[in-house]
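Chemist: Below you'll find the structure I mean.
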Amino acid sequence: MTQAYILTLSCPDRLGLVHAVSGFLLEQGGNIEEAAQYNDTVTGLFFMRVQFACDGKDPAALKASVAELADQYQMQWSLHSKAERMKTVIMVSKEGHCLNDLLFRWKSGLLPIEIKAILSNHREFYQLAASYNIPFHHIPVTAATKAQAEERQYEIIQEEGAELVVLARYMQVLSNDLCKKLSGRAINIHHSFLPSFKGAKPYYQAHDRGVKLIGATAHYVTADLDEGPIIEQDVARADHTDTVEDLTARGRDTESQVLARAVKWHSERRVILNGHKTVVFR
């Protein structure tokens with residue numbers, strides 16, 4: 001039975017890497033369906049993503065063979081079945097535009113993820129979660145209970161086997177400890193006014209300053225608040241006729257679209273970390 005796989009890798013750049021990978025896949029009976037590579041001349045690193053099909057190959061044996069190849073070239077790598085949907089947990093607070101958008105795209109088959117649970121520090125979206133038959137966990141967070149709340153959140157994430165955690169307008173700052181535990185597998189979304197308009201009501205601040213561009217940024221979560229490796233960004237024009245409500249609505253649309261693209265690319269194994277940046281094979 002033919003099965004499609006996605007191989008991603010990074011390693012020190014050297015001559016013949018594309019030849020080595022493609023030759024290896026030929027030896028394994030693999031037919032390359034999609035391939036992309038990038039040479040970072042600044043860091044001297046090579047990045048590659050290959051989607052290929054194999055007929056009747058044992059997955060465990062294939063992984064063992066990839067490991068042997070990786071050892072020769074100091075590769076960091078991952079190999080996954082293309083049919084495998086990425087187990088995902090979504091965290092949200094009181095603003096539901098990104099959550100609602102992700103749920104609709106997931107239900108419509110537009111995202112290769114399996115949403116296992118929704119975690120929230122408020123009760124607002126338990127009915128929305130129920131309408132999609134997704135477990136909803138209300139975990140209140142206060143300064144006094146933050147450590148216990150995060151312990152419970154991480155417990156659920158681990159129980160569900162989540163490879164991806166999406167902060168869909170989750171308005172609590174994660175501790176350094178939780179950020180480290182979720183390194184490389186947690187995506188956050190926020191308006192792109194930072195660092196200019198911090199705190200509450202950023203669209204009111206932006207409107208007061210008469211901004212001409214609004215936008216959104218999706219990035220990996222790190223202990224450095226809102227400074228993790230960026231996956232995707234977008235902007236929308238604004239002018240003097242726009243009200244605060246106009247800016248807010250347009251900003252929420254942009255946030256939803258940017259987050260959805262970031263989740264899609266991550267779940268399709270198209271994003272590879274490159275230090276404090278990312279390589280995205282769209």
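Order determines the names: the first chain of the structure tokens is A, the second B, and so forth; residues in each chain are numbered 1 upward, and ligands are numbered 1 upward as they are shown.
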Excluding Thr88 in chain A and any residue of its chain fewer than 3 positions from it, enumerate the residues within 12 Å of it, using only C-alpha atoms, and give them as a ChimeraX atom specification.

Modeler: /A:85,91,102-103,106,111-119,134,156-168,185-187,263-264,266-267

Chemist: Save out the residues we just selected, N, CA and C atoms, as a CSV table (one decimal), in the first residue's frame.

Modeler:
chain,number,residue,atom,x,y,z
A,85,ARG,N,-3.1,13.5,11.1
A,85,ARG,CA,-3.5,14.9,11.5
A,85,ARG,C,-2.9,15.3,12.8
A,91,MET,N,-6.2,27.3,23.1
A,91,MET,CA,-6.4,28.1,24.3
A,91,MET,C,-7.0,29.5,23.9
A,102,LEU,N,-10.9,29.1,13.3
A,102,LEU,CA,-10.2,27.8,13.3
A,102,LEU,C,-11.1,26.6,13.3
A,103,LEU,N,-12.2,26.7,14.2
A,103,LEU,CA,-13.1,25.6,14.2
A,103,LEU,C,-13.8,25.4,12.9
A,106,TRP,N,-11.3,23.9,10.4
A,106,TRP,CA,-11.1,22.5,10.8
A,106,TRP,C,-12.3,21.6,10.3
A,111,LEU,N,-7.9,22.4,7.4
A,111,LEU,CA,-6.7,22.3,8.3
A,111,LEU,C,-6.5,20.9,8.6
A,112,PRO,N,-5.2,20.4,8.4
A,112,PRO,CA,-4.9,19.0,8.7
A,112,PRO,C,-4.6,18.8,10.2
A,113,ILE,N,-5.5,19.2,11.0
A,113,ILE,CA,-5.3,19.0,12.5
A,113,ILE,C,-6.5,18.2,13.1
A,114,GLU,N,-6.3,17.8,14.3
A,114,GLU,CA,-7.3,17.1,15.1
A,114,GLU,C,-7.4,17.9,16.4
A,115,ILE,N,-8.5,18.7,16.5
A,115,ILE,CA,-8.6,19.5,17.7
A,115,ILE,C,-9.1,18.6,18.9
A,116,LYS,N,-8.3,18.4,19.9
A,116,LYS,CA,-8.6,17.5,21.0
A,116,LYS,C,-9.2,18.2,22.2
A,117,ALA,N,-9.0,19.5,22.4
A,117,ALA,CA,-9.6,20.2,23.5
A,117,ALA,C,-9.5,21.7,23.4
A,118,ILE,N,-10.3,22.4,24.1
A,118,ILE,CA,-10.3,23.8,24.2
A,118,ILE,C,-10.1,24.2,25.6
A,119,LEU,N,-9.1,25.0,25.9
A,119,LEU,CA,-8.8,25.4,27.3
A,119,LEU,C,-9.1,26.9,27.4
A,134,ILE,N,-16.2,19.1,21.0
A,134,ILE,CA,-14.9,19.2,21.5
A,134,ILE,C,-14.9,19.5,23.0
A,156,ILE,N,-3.4,18.5,30.6
A,156,ILE,CA,-4.4,18.2,29.6
A,156,ILE,C,-3.7,18.1,28.2
A,157,ILE,N,-2.8,19.0,28.0
A,157,ILE,CA,-2.0,19.0,26.7
A,157,ILE,C,-1.3,17.7,26.5
A,158,GLN,N,-0.7,17.2,27.6
A,158,GLN,CA,0.1,16.0,27.5
A,158,GLN,C,-0.8,14.8,27.4
A,159,GLU,N,-1.9,14.8,28.1
A,159,GLU,CA,-2.9,13.7,28.1
A,159,GLU,C,-3.5,13.6,26.6
A,160,GLU,N,-3.7,14.7,26.0
A,160,GLU,CA,-4.2,14.7,24.6
A,160,GLU,C,-3.2,14.4,23.6
A,161,GLY,N,-1.9,14.3,24.0
A,161,GLY,CA,-0.9,14.1,23.0
A,161,GLY,C,-0.7,15.2,22.0
A,162,ALA,N,-1.0,16.4,22.4
A,162,ALA,CA,-1.0,17.5,21.5
A,162,ALA,C,0.4,17.9,21.0
A,163,GLU,N,0.6,17.9,19.7
A,163,GLU,CA,1.8,18.4,19.1
A,163,GLU,C,1.8,19.9,18.9
A,164,LEU,N,0.6,20.5,18.9
A,164,LEU,CA,0.4,21.9,18.6
A,164,LEU,C,-0.5,22.5,19.7
A,165,VAL,N,-0.1,23.6,20.2
A,165,VAL,CA,-1.0,24.4,21.1
A,165,VAL,C,-1.2,25.8,20.5
A,166,VAL,N,-2.4,26.2,20.2
A,166,VAL,CA,-2.7,27.5,19.6
A,166,VAL,C,-3.3,28.4,20.6
A,167,LEU,N,-2.6,29.5,20.8
A,167,LEU,CA,-3.2,30.6,21.7
A,167,LEU,C,-4.0,31.5,20.8
A,168,ALA,N,-5.3,31.2,20.7
A,168,ALA,CA,-6.2,31.9,19.9
A,168,ALA,C,-6.8,33.1,20.7
A,185,ARG,N,6.2,24.3,19.6
A,185,ARG,CA,4.8,23.7,19.3
A,185,ARG,C,3.7,24.6,19.8
A,186,ALA,N,3.9,25.8,20.2
A,186,ALA,CA,2.9,26.7,20.6
A,186,ALA,C,2.9,28.0,19.7
A,187,ILE,N,1.7,28.3,19.2
A,187,ILE,CA,1.7,29.5,18.3
A,187,ILE,C,0.7,30.5,18.9
A,263,VAL,N,-1.2,28.1,11.4
A,263,VAL,CA,-1.6,26.8,11.9
A,263,VAL,C,-1.5,25.8,10.7
A,264,LYS,N,-2.0,26.2,9.5
A,264,LYS,CA,-1.9,25.3,8.4
A,264,LYS,C,-0.5,25.0,8.0
A,266,HIS,N,2.2,25.1,9.8
A,266,HIS,CA,2.9,24.3,10.9
A,266,HIS,C,2.4,22.9,10.8
A,267,SER,N,1.1,22.7,10.7
A,267,SER,CA,0.5,21.3,10.7
A,267,SER,C,0.9,20.6,9.4

Chemist: Skipping near chain neighbours, those fewer than 5 positions away, what residues fall within 8 Å of Tyr220 in chain A using only C-alpha atoms, listed as a JSON list (two decimals) with N, CA, C and O atoms, in the first residue's frame?

Modeler:
[["chain", "number", "residue", "atom", "x", "y", "z"],
["A", 183, "SER", "N", 8.00, 24.76, 23.81],
["A", 183, "SER", "CA", 8.90, 25.34, 22.80],
["A", 183, "SER", "C", 8.75, 24.66, 21.44],
["A", 183, "SER", "O", 8.82, 23.43, 21.34],
["A", 184, "GLY", "N", 8.53, 25.48, 20.41],
["A", 184, "GLY", "CA", 8.43, 24.96, 19.05],
["A", 184, "GLY", "C", 7.10, 24.37, 18.68],
["A", 184, "GLY", "O", 6.90, 23.95, 17.54],
["A", 185, "ARG", "N", 6.16, 24.33, 19.64],
["A", 185, "ARG", "CA", 4.84, 23.74, 19.32],
["A", 185, "ARG", "C", 3.68, 24.59, 19.82],
["A", 185, "ARG", "O", 2.55, 24.09, 19.90],
["A", 186, "ALA", "N", 3.93, 25.83, 20.18],
["A", 186, "ALA", "CA", 2.86, 26.74, 20.60],
["A", 186, "ALA", "C", 2.90, 28.00, 19.74],
["A", 186, "ALA", "O", 3.94, 28.63, 19.60],
["A", 187, "ILE", "N", 1.75, 28.35, 19.16],
["A", 187, "ILE", "CA", 1.65, 29.50, 18.27],
["A", 187, "ILE", "C", 0.73, 30.53, 18.89],
["A", 187, "ILE", "O", -0.38, 30.21, 19.34],
["A", 188, "ASN", "N", 1.17, 31.78, 18.89],
["A", 188, "ASN", "CA", 0.38, 32.89, 19.43],
["A", 188, "ASN", "C", 0.02, 33.85, 18.30],
["A", 188, "ASN", "O", 0.70, 33.92, 17.28],
["A", 228, "GLY", "N", 8.79, 35.78, 19.90],
["A", 228, "GLY", "CA", 9.20, 34.48, 19.37],
["A", 228, "GLY", "C", 9.34, 34.51, 17.86],
["A", 228, "GLY", "O", 8.94, 35.47, 17.20],
["A", 229, "PRO", "N", 9.93, 33.45, 17.28],
["A", 229, "PRO", "CA", 10.12, 33.37, 15.83],
["A", 229, "PRO", "C", 8.81, 33.56, 15.07],
["A", 229, "PRO", "O", 7.82, 32.88, 15.34],
["A", 230, "ILE", "N", 8.82, 34.50, 14.13],
["A", 230, "ILE", "CA", 7.60, 34.87, 13.40],
["A", 230, "ILE", "C", 7.32, 33.86, 12.28],
["A", 230, "ILE", "O", 8.22, 33.51, 11.50],
["A", 231, "ILE", "N", 6.08, 33.42, 12.19],
["A", 231, "ILE", "CA", 5.65, 32.49, 11.15],
["A", 231, "ILE", "C", 4.95, 33.22, 10.01],
["A", 231, "ILE", "O", 5.22, 32.98, 8.84]]

Chemist: Please return, as a PDB file with C-alpha atoms, in the first residue's frame, all residues of range 95-253 of chain A that DSSP assigns to strand (DSSP E) on the basis of the backbone.

Modeler:
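As a result, selection.pdb now contains:
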ATOM      1  CA  ILE A 113      -5.338  19.032  12.487  1.00  0.00           C
ATOM      2  CA  GLU A 114      -7.332  17.113  15.075  1.00  0.00           C
ATOM      3  CA  ILE A 115      -8.640  19.475  17.745  1.00  0.00           C
ATOM      4  CA  LYS A 116      -8.556  17.505  20.990  1.00  0.00           C
ATOM      5  CA  ALA A 117      -9.578  20.173  23.527  1.00  0.00           C
ATOM      6  CA  ILE A 118     -10.266  23.835  24.152  1.00  0.00           C
ATOM      7  CA  LEU A 119      -8.848  25.425  27.308  1.00  0.00           C
ATOM      8  CA  SER A 120     -10.103  28.751  28.608  1.00  0.00           C
ATOM      9  CA  PHE A 136     -14.018  22.327  26.917  1.00  0.00           C
ATOM     10  CA  HIS A 137     -11.945  22.884  30.051  1.00  0.00           C
ATOM     11  CA  HIS A 138     -12.605  25.973  32.129  1.00  0.00           C
ATOM     12  CA  LEU A 164       0.418  21.903  18.638  1.00  0.00           C
ATOM     13  CA  VAL A 165      -1.003  24.424  21.102  1.00  0.00           C
ATOM     14  CA  VAL A 166      -2.721  27.467  19.592  1.00  0.00           C
ATOM     15  CA  LEU A 167      -3.160  30.603  21.686  1.00  0.00           C
ATOM     16  CA  ALA A 186       2.855  26.740  20.602  1.00  0.00           C
ATOM     17  CA  ILE A 187       1.653  29.496  18.271  1.00  0.00           C
ATOM     18  CA  ASN A 188       0.382  32.887  19.426  1.00  0.00           C
ATOM     19  CA  ILE A 189      -1.482  35.623  17.535  1.00  0.00           C
ATOM     20  CA  HIS A 190      -1.626  39.317  18.316  1.00  0.00           C
ATOM     21  CA  HIS A 191      -2.146  42.658  16.621  1.00  0.00           C
ATOM     22  CA  LEU A 213      -1.803  50.338   8.569  1.00  0.00           C
ATOM     23  CA  ILE A 214      -3.159  47.675  10.908  1.00  0.00           C
ATOM     24  CA  GLY A 215      -2.084  44.076  10.981  1.00  0.00           C
ATOM     25  CA  ALA A 216      -1.383  40.851  12.829  1.00  0.00           C
ATOM     26  CA  THR A 217       1.568  38.621  13.718  1.00  0.00           C
ATOM     27  CA  ALA A 218       1.608  34.858  14.351  1.00  0.00           C
ATOM     28  CA  HIS A 219       4.713  33.548  16.073  1.00  0.00           C
ATOM     29  CA  TYR A 220       6.024  30.742  18.211  1.00  0.00           C
ATOM     30  CA  ILE A 230       7.605  34.869  13.395  1.00  0.00           C
ATOM     31  CA  ILE A 231       5.648  32.486  11.154  1.00  0.00           C
ATOM     32  CA  GLU A 232       3.291  34.858   9.333  1.00  0.00           C
ATOM     33  CA  GLN A 233       2.219  38.513   9.244  1.00  0.00           C
ATOM     34  CA  ASP A 234      -0.235  40.586   7.242  1.00  0.00           C
ATOM     35  CA  VAL A 235      -1.527  44.157   7.092  1.00  0.00           C
ATOM     36  CA  ALA A 236      -4.659  46.036   6.042  1.00  0.00           C
ATOM     37  CA  ARG A 237      -4.958  49.687   5.047  1.00  0.00           C
TER      38      ARG A 237
END

Chemist: Could you give me, as a PDB file with C-alpha atoms, in the first residue's frame, each residue of range 176-275 of chain A that DSSP assigns to alpha helix (DSSP H) when run on this structure's backbone?

Modeler:
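Generated output (selection-v2.pdb):
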ATOM      1  CA  ASN A 176       8.814  30.837  31.471  1.00  0.00           C
ATOM      2  CA  ASP A 177       8.482  27.226  32.560  1.00  0.00           C
ATOM      3  CA  LEU A 178       5.417  26.548  30.400  1.00  0.00           C
ATOM      4  CA  CYS A 179       6.966  28.415  27.461  1.00  0.00           C
ATOM      5  CA  LYS A 180       9.975  26.110  27.635  1.00  0.00           C
ATOM      6  CA  LYS A 181       7.788  23.007  27.829  1.00  0.00           C
ATOM      7  CA  PRO A 202      -4.803  48.921  21.271  1.00  0.00           C
ATOM      8  CA  TYR A 203      -7.243  49.826  18.477  1.00  0.00           C
ATOM      9  CA  TYR A 204      -8.401  52.852  20.450  1.00  0.00           C
ATOM     10  CA  GLN A 205      -4.775  53.917  20.825  1.00  0.00           C
ATOM     11  CA  ALA A 206      -4.123  53.335  17.134  1.00  0.00           C
ATOM     12  CA  HIS A 207      -7.222  55.269  16.123  1.00  0.00           C
ATOM     13  CA  ASP A 208      -6.179  58.144  18.340  1.00  0.00           C
ATOM     14  CA  ARG A 209      -2.822  58.243  16.546  1.00  0.00           C
ATOM     15  CA  VAL A 244     -12.492  52.389  16.196  1.00  0.00           C
ATOM     16  CA  GLU A 245     -15.087  49.734  15.407  1.00  0.00           C
ATOM     17  CA  ASP A 246     -13.918  49.596  11.773  1.00  0.00           C
ATOM     18  CA  LEU A 247     -10.292  49.141  12.837  1.00  0.00           C
ATOM     19  CA  THR A 248     -11.216  46.498  15.398  1.00  0.00           C
ATOM     20  CA  ALA A 249     -13.285  44.482  12.909  1.00  0.00           C
ATOM     21  CA  ARG A 250     -10.625  44.678  10.205  1.00  0.00           C
ATOM     22  CA  GLY A 251      -7.942  43.802  12.735  1.00  0.00           C
ATOM     23  CA  ARG A 252      -9.855  40.741  13.933  1.00  0.00           C
ATOM     24  CA  ASP A 253     -10.296  39.531  10.343  1.00  0.00           C
ATOM     25  CA  THR A 254      -6.576  39.923   9.751  1.00  0.00           C
ATOM     26  CA  GLU A 255      -5.713  38.121  12.986  1.00  0.00           C
ATOM     27  CA  SER A 256      -7.970  35.195  12.048  1.00  0.00           C
ATOM     28  CA  GLN A 257      -6.465  34.827   8.578  1.00  0.00           C
ATOM     29  CA  VAL A 258      -2.864  35.140   9.744  1.00  0.00           C
ATOM     30  CA  LEU A 259      -3.351  32.599  12.533  1.00  0.00           C
ATOM     31  CA  ALA A 260      -5.101  30.155  10.206  1.00  0.00           C
ATOM     32  CA  ARG A 261      -2.216  30.321   7.728  1.00  0.00           C
ATOM     33  CA  ALA A 262       0.346  29.808  10.493  1.00  0.00           C
ATOM     34  CA  VAL A 263      -1.565  26.797  11.858  1.00  0.00           C
ATOM     35  CA  LYS A 264      -1.941  25.327   8.363  1.00  0.00           C
ATOM     36  CA  TRP A 265       1.739  25.679   7.518  1.00  0.00           C
ATOM     37  CA  HIS A 266       2.857  24.325  10.879  1.00  0.00           C
ATOM     38  CA  SER A 267       0.513  21.338  10.694  1.00  0.00           C
TER      39      SER A 267
END

Chemist: As an exercise, work out the distance from CA of Glu227 in chain A to CA of Arg152 in chain A in Å and give it to one decimal place.

Modeler: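 Going from CA of Glu227 in chain A over to CA of Arg152 in chain A, I get 25.3 Å.
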
Chemist: Env of range 8-21 of chain A: 8 Å cut, atoms = only C-alpha atoms, seq-sep filter 3 positions within chain, self excluded. Answer as a ChimeraX atom specification.

Modeler: /A:24-25,39,44-50,73-79,269,272

Chemist: May I ask for the distance between CA of Lys277 in chain A and CA of Ala36 in chain A, given in Å to one decimal place?

Modeler: 17.7 Å

Chemist: Just the residues within 9 Å of Glu124 in chain A, please, counting only C-alpha atoms, with nothing from its chain fewer than 4 positions along; format it as an NGL selection string.

Modeler: :A and (93-96 or 120 or 128)

Chemist: Write the residues you've just listed into a file as a compact mmCIF listing (two decimals), in the first residue's frame, and include N, CA and C atoms for each of them.

Modeler:
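Wrote it out as part.txt, contents follow:
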# COMPACT_ATOMS: atom_id res chain seq x y z
N SER A 93 -9.44 33.15 25.53
CA SER A 93 -10.02 33.89 26.66
C SER A 93 -11.41 34.37 26.29
N LYS A 94 -11.62 35.69 26.13
CA LYS A 94 -12.96 36.21 25.89
C LYS A 94 -13.22 36.62 24.45
N GLU A 95 -12.18 36.75 23.62
CA GLU A 95 -12.37 37.13 22.23
C GLU A 95 -12.33 35.87 21.37
N GLY A 96 -13.45 35.58 20.69
CA GLY A 96 -13.58 34.29 20.03
C GLY A 96 -13.43 34.26 18.54
N SER A 120 -9.80 27.33 28.46
CA SER A 120 -10.10 28.75 28.61
C SER A 120 -10.13 29.15 30.07
N LEU A 128 -19.99 26.87 22.20
CA LEU A 128 -19.38 26.76 20.88
C LEU A 128 -18.58 25.47 20.78

Chemist: Find the residues around Pro140 in chain A up to 12 Å (only C-alpha atoms counted), leave out those fewer than 2 positions away in its own chain, and share them as a ChimeraX atom specification.

Modeler: /A:92-93,119-123,137-138,142-150,152-153,172

Chemist: Would you put the residues from that selection into a file with N, CA, C and O atoms, as a PDB file, in the first residue's frame?

Modeler:
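The resulting file, selection_14.pdb, is shown below:
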ATOM      1  N   VAL A  92      -8.014  29.934  24.713  1.00  0.00           N
ATOM      2  CA  VAL A  92      -8.738  31.151  24.359  1.00  0.00           C
ATOM      3  C   VAL A  92      -9.218  31.842  25.635  1.00  0.00           C
ATOM      4  O   VAL A  92      -9.372  31.193  26.680  1.00  0.00           O
ATOM      5  N   SER A  93      -9.445  33.147  25.533  1.00  0.00           N
ATOM      6  CA  SER A  93     -10.017  33.888  26.660  1.00  0.00           C
ATOM      7  C   SER A  93     -11.410  34.370  26.286  1.00  0.00           C
ATOM      8  O   SER A  93     -12.298  33.554  26.061  1.00  0.00           O
ATOM      9  N   LEU A 119      -9.099  24.980  25.943  1.00  0.00           N
ATOM     10  CA  LEU A 119      -8.848  25.425  27.308  1.00  0.00           C
ATOM     11  C   LEU A 119      -9.122  26.918  27.400  1.00  0.00           C
ATOM     12  O   LEU A 119      -8.719  27.681  26.522  1.00  0.00           O
ATOM     13  N   SER A 120      -9.802  27.332  28.463  1.00  0.00           N
ATOM     14  CA  SER A 120     -10.103  28.751  28.608  1.00  0.00           C
ATOM     15  C   SER A 120     -10.134  29.155  30.074  1.00  0.00           C
ATOM     16  O   SER A 120     -10.528  28.363  30.939  1.00  0.00           O
ATOM     17  N   ASN A 121      -9.739  30.397  30.314  1.00  0.00           N
ATOM     18  CA  ASN A 121      -9.843  30.943  31.671  1.00  0.00           C
ATOM     19  C   ASN A 121     -11.195  31.605  31.904  1.00  0.00           C
ATOM     20  O   ASN A 121     -11.429  32.210  32.939  1.00  0.00           O
ATOM     21  N   HIS A 122     -12.090  31.510  30.903  1.00  0.00           N
ATOM     22  CA  HIS A 122     -13.460  32.013  31.019  1.00  0.00           C
ATOM     23  C   HIS A 122     -14.424  30.967  30.453  1.00  0.00           C
ATOM     24  O   HIS A 122     -14.018  30.036  29.761  1.00  0.00           O
ATOM     25  N   ARG A 123     -15.708  31.153  30.723  1.00  0.00           N
ATOM     26  CA  ARG A 123     -16.704  30.150  30.314  1.00  0.00           C
ATOM     27  C   ARG A 123     -17.398  30.490  28.986  1.00  0.00           C
ATOM     28  O   ARG A 123     -18.230  29.720  28.513  1.00  0.00           O
ATOM     29  N   HIS A 137     -12.456  22.872  28.684  1.00  0.00           N
ATOM     30  CA  HIS A 137     -11.945  22.884  30.051  1.00  0.00           C
ATOM     31  C   HIS A 137     -11.849  24.325  30.541  1.00  0.00           C
ATOM     32  O   HIS A 137     -11.058  25.111  30.006  1.00  0.00           O
ATOM     33  N   HIS A 138     -12.665  24.637  31.533  1.00  0.00           N
ATOM     34  CA  HIS A 138     -12.605  25.973  32.129  1.00  0.00           C
ATOM     35  C   HIS A 138     -11.608  25.945  33.280  1.00  0.00           C
ATOM     36  O   HIS A 138     -11.818  25.253  34.286  1.00  0.00           O
ATOM     37  N   THR A 142      -5.735  33.182  38.290  1.00  0.00           N
ATOM     38  CA  THR A 142      -5.487  34.388  39.084  1.00  0.00           C
ATOM     39  C   THR A 142      -4.008  34.408  39.437  1.00  0.00           C
ATOM     40  O   THR A 142      -3.295  33.417  39.224  1.00  0.00           O
ATOM     41  N   ALA A 143      -3.556  35.530  39.967  1.00  0.00           N
ATOM     42  CA  ALA A 143      -2.155  35.621  40.363  1.00  0.00           C
ATOM     43  C   ALA A 143      -1.804  34.535  41.375  1.00  0.00           C
ATOM     44  O   ALA A 143      -0.713  33.958  41.353  1.00  0.00           O
ATOM     45  N   ALA A 144      -2.779  34.224  42.234  1.00  0.00           N
ATOM     46  CA  ALA A 144      -2.522  33.235  43.289  1.00  0.00           C
ATOM     47  C   ALA A 144      -2.559  31.800  42.773  1.00  0.00           C
ATOM     48  O   ALA A 144      -1.916  30.910  43.340  1.00  0.00           O
ATOM     49  N   THR A 145      -3.333  31.558  41.687  1.00  0.00           N
ATOM     50  CA  THR A 145      -3.517  30.186  41.211  1.00  0.00           C
ATOM     51  C   THR A 145      -2.825  29.915  39.878  1.00  0.00           C
ATOM     52  O   THR A 145      -3.016  28.856  39.285  1.00  0.00           O
ATOM     53  N   LYS A 146      -2.041  30.847  39.388  1.00  0.00           N
ATOM     54  CA  LYS A 146      -1.440  30.723  38.054  1.00  0.00           C
ATOM     55  C   LYS A 146      -0.624  29.437  37.904  1.00  0.00           C
ATOM     56  O   LYS A 146      -0.756  28.720  36.900  1.00  0.00           O
ATOM     57  N   ALA A 147       0.212  29.133  38.893  1.00  0.00           N
ATOM     58  CA  ALA A 147       1.057  27.944  38.805  1.00  0.00           C
ATOM     59  C   ALA A 147       0.220  26.671  38.726  1.00  0.00           C
ATOM     60  O   ALA A 147       0.483  25.785  37.909  1.00  0.00           O
ATOM     61  N   GLN A 148      -0.817  26.580  39.584  1.00  0.00           N
ATOM     62  CA  GLN A 148      -1.684  25.396  39.558  1.00  0.00           C
ATOM     63  C   GLN A 148      -2.473  25.313  38.256  1.00  0.00           C
ATOM     64  O   GLN A 148      -2.682  24.220  37.714  1.00  0.00           O
ATOM     65  N   ALA A 149      -2.918  26.461  37.753  1.00  0.00           N
ATOM     66  CA  ALA A 149      -3.684  26.482  36.507  1.00  0.00           C
ATOM     67  C   ALA A 149      -2.824  25.991  35.339  1.00  0.00           C
ATOM     68  O   ALA A 149      -3.265  25.177  34.522  1.00  0.00           O
ATOM     69  N   GLU A 150      -1.580  26.483  35.276  1.00  0.00           N
ATOM     70  CA  GLU A 150      -0.693  26.049  34.196  1.00  0.00           C
ATOM     71  C   GLU A 150      -0.335  24.576  34.312  1.00  0.00           C
ATOM     72  O   GLU A 150      -0.194  23.879  33.298  1.00  0.00           O
ATOM     73  N   ARG A 152      -2.338  22.277  35.417  1.00  0.00           N
ATOM     74  CA  ARG A 152      -3.502  21.558  34.886  1.00  0.00           C
ATOM     75  C   ARG A 152      -3.572  21.677  33.361  1.00  0.00           C
ATOM     76  O   ARG A 152      -3.875  20.701  32.669  1.00  0.00           O
ATOM     77  N   GLN A 153      -3.277  22.868  32.829  1.00  0.00           N
ATOM     78  CA  GLN A 153      -3.282  23.063  31.382  1.00  0.00           C
ATOM     79  C   GLN A 153      -2.281  22.127  30.702  1.00  0.00           C
ATOM     80  O   GLN A 153      -2.614  21.448  29.718  1.00  0.00           O
ATOM     81  N   GLN A 172      -3.562  35.528  28.766  1.00  0.00           N
ATOM     82  CA  GLN A 172      -2.734  35.362  29.948  1.00  0.00           C
ATOM     83  C   GLN A 172      -1.290  35.130  29.495  1.00  0.00           C
ATOM     84  O   GLN A 172      -1.042  34.388  28.542  1.00  0.00           O
TER      85      GLN A 172
END

Chemist: To one decimal place, how far is CA of Leu174 in chain A from CA of Thr222 in chain A in Å?

Modeler: 8.9 Å

Chemist: Which is closer to Ala83 in chain A than all the others in A:Ile6, A:Phe281, A:Gly30, A:Glu151, using only C-alpha atoms?

Modeler: A:Ile6

Chemist: When you look at Gln51 in chain A with a cut-off of 8 Å (counting only C-alpha atoms), what residues show up, excluding the ones that are within fewer than 2 positions of it in the same chain? I need them as a PyMOL selection string.

Modeler: chain A and resi 4-7+32-35+49+53+82

Chemist: Using only C-alpha atoms, pick whichever of A:Lys107, A:Leu69, A:Val42, A:Glu155 has the shortest atom-to-atom distance to Tyr132 in chain A.

Modeler: A:Lys107
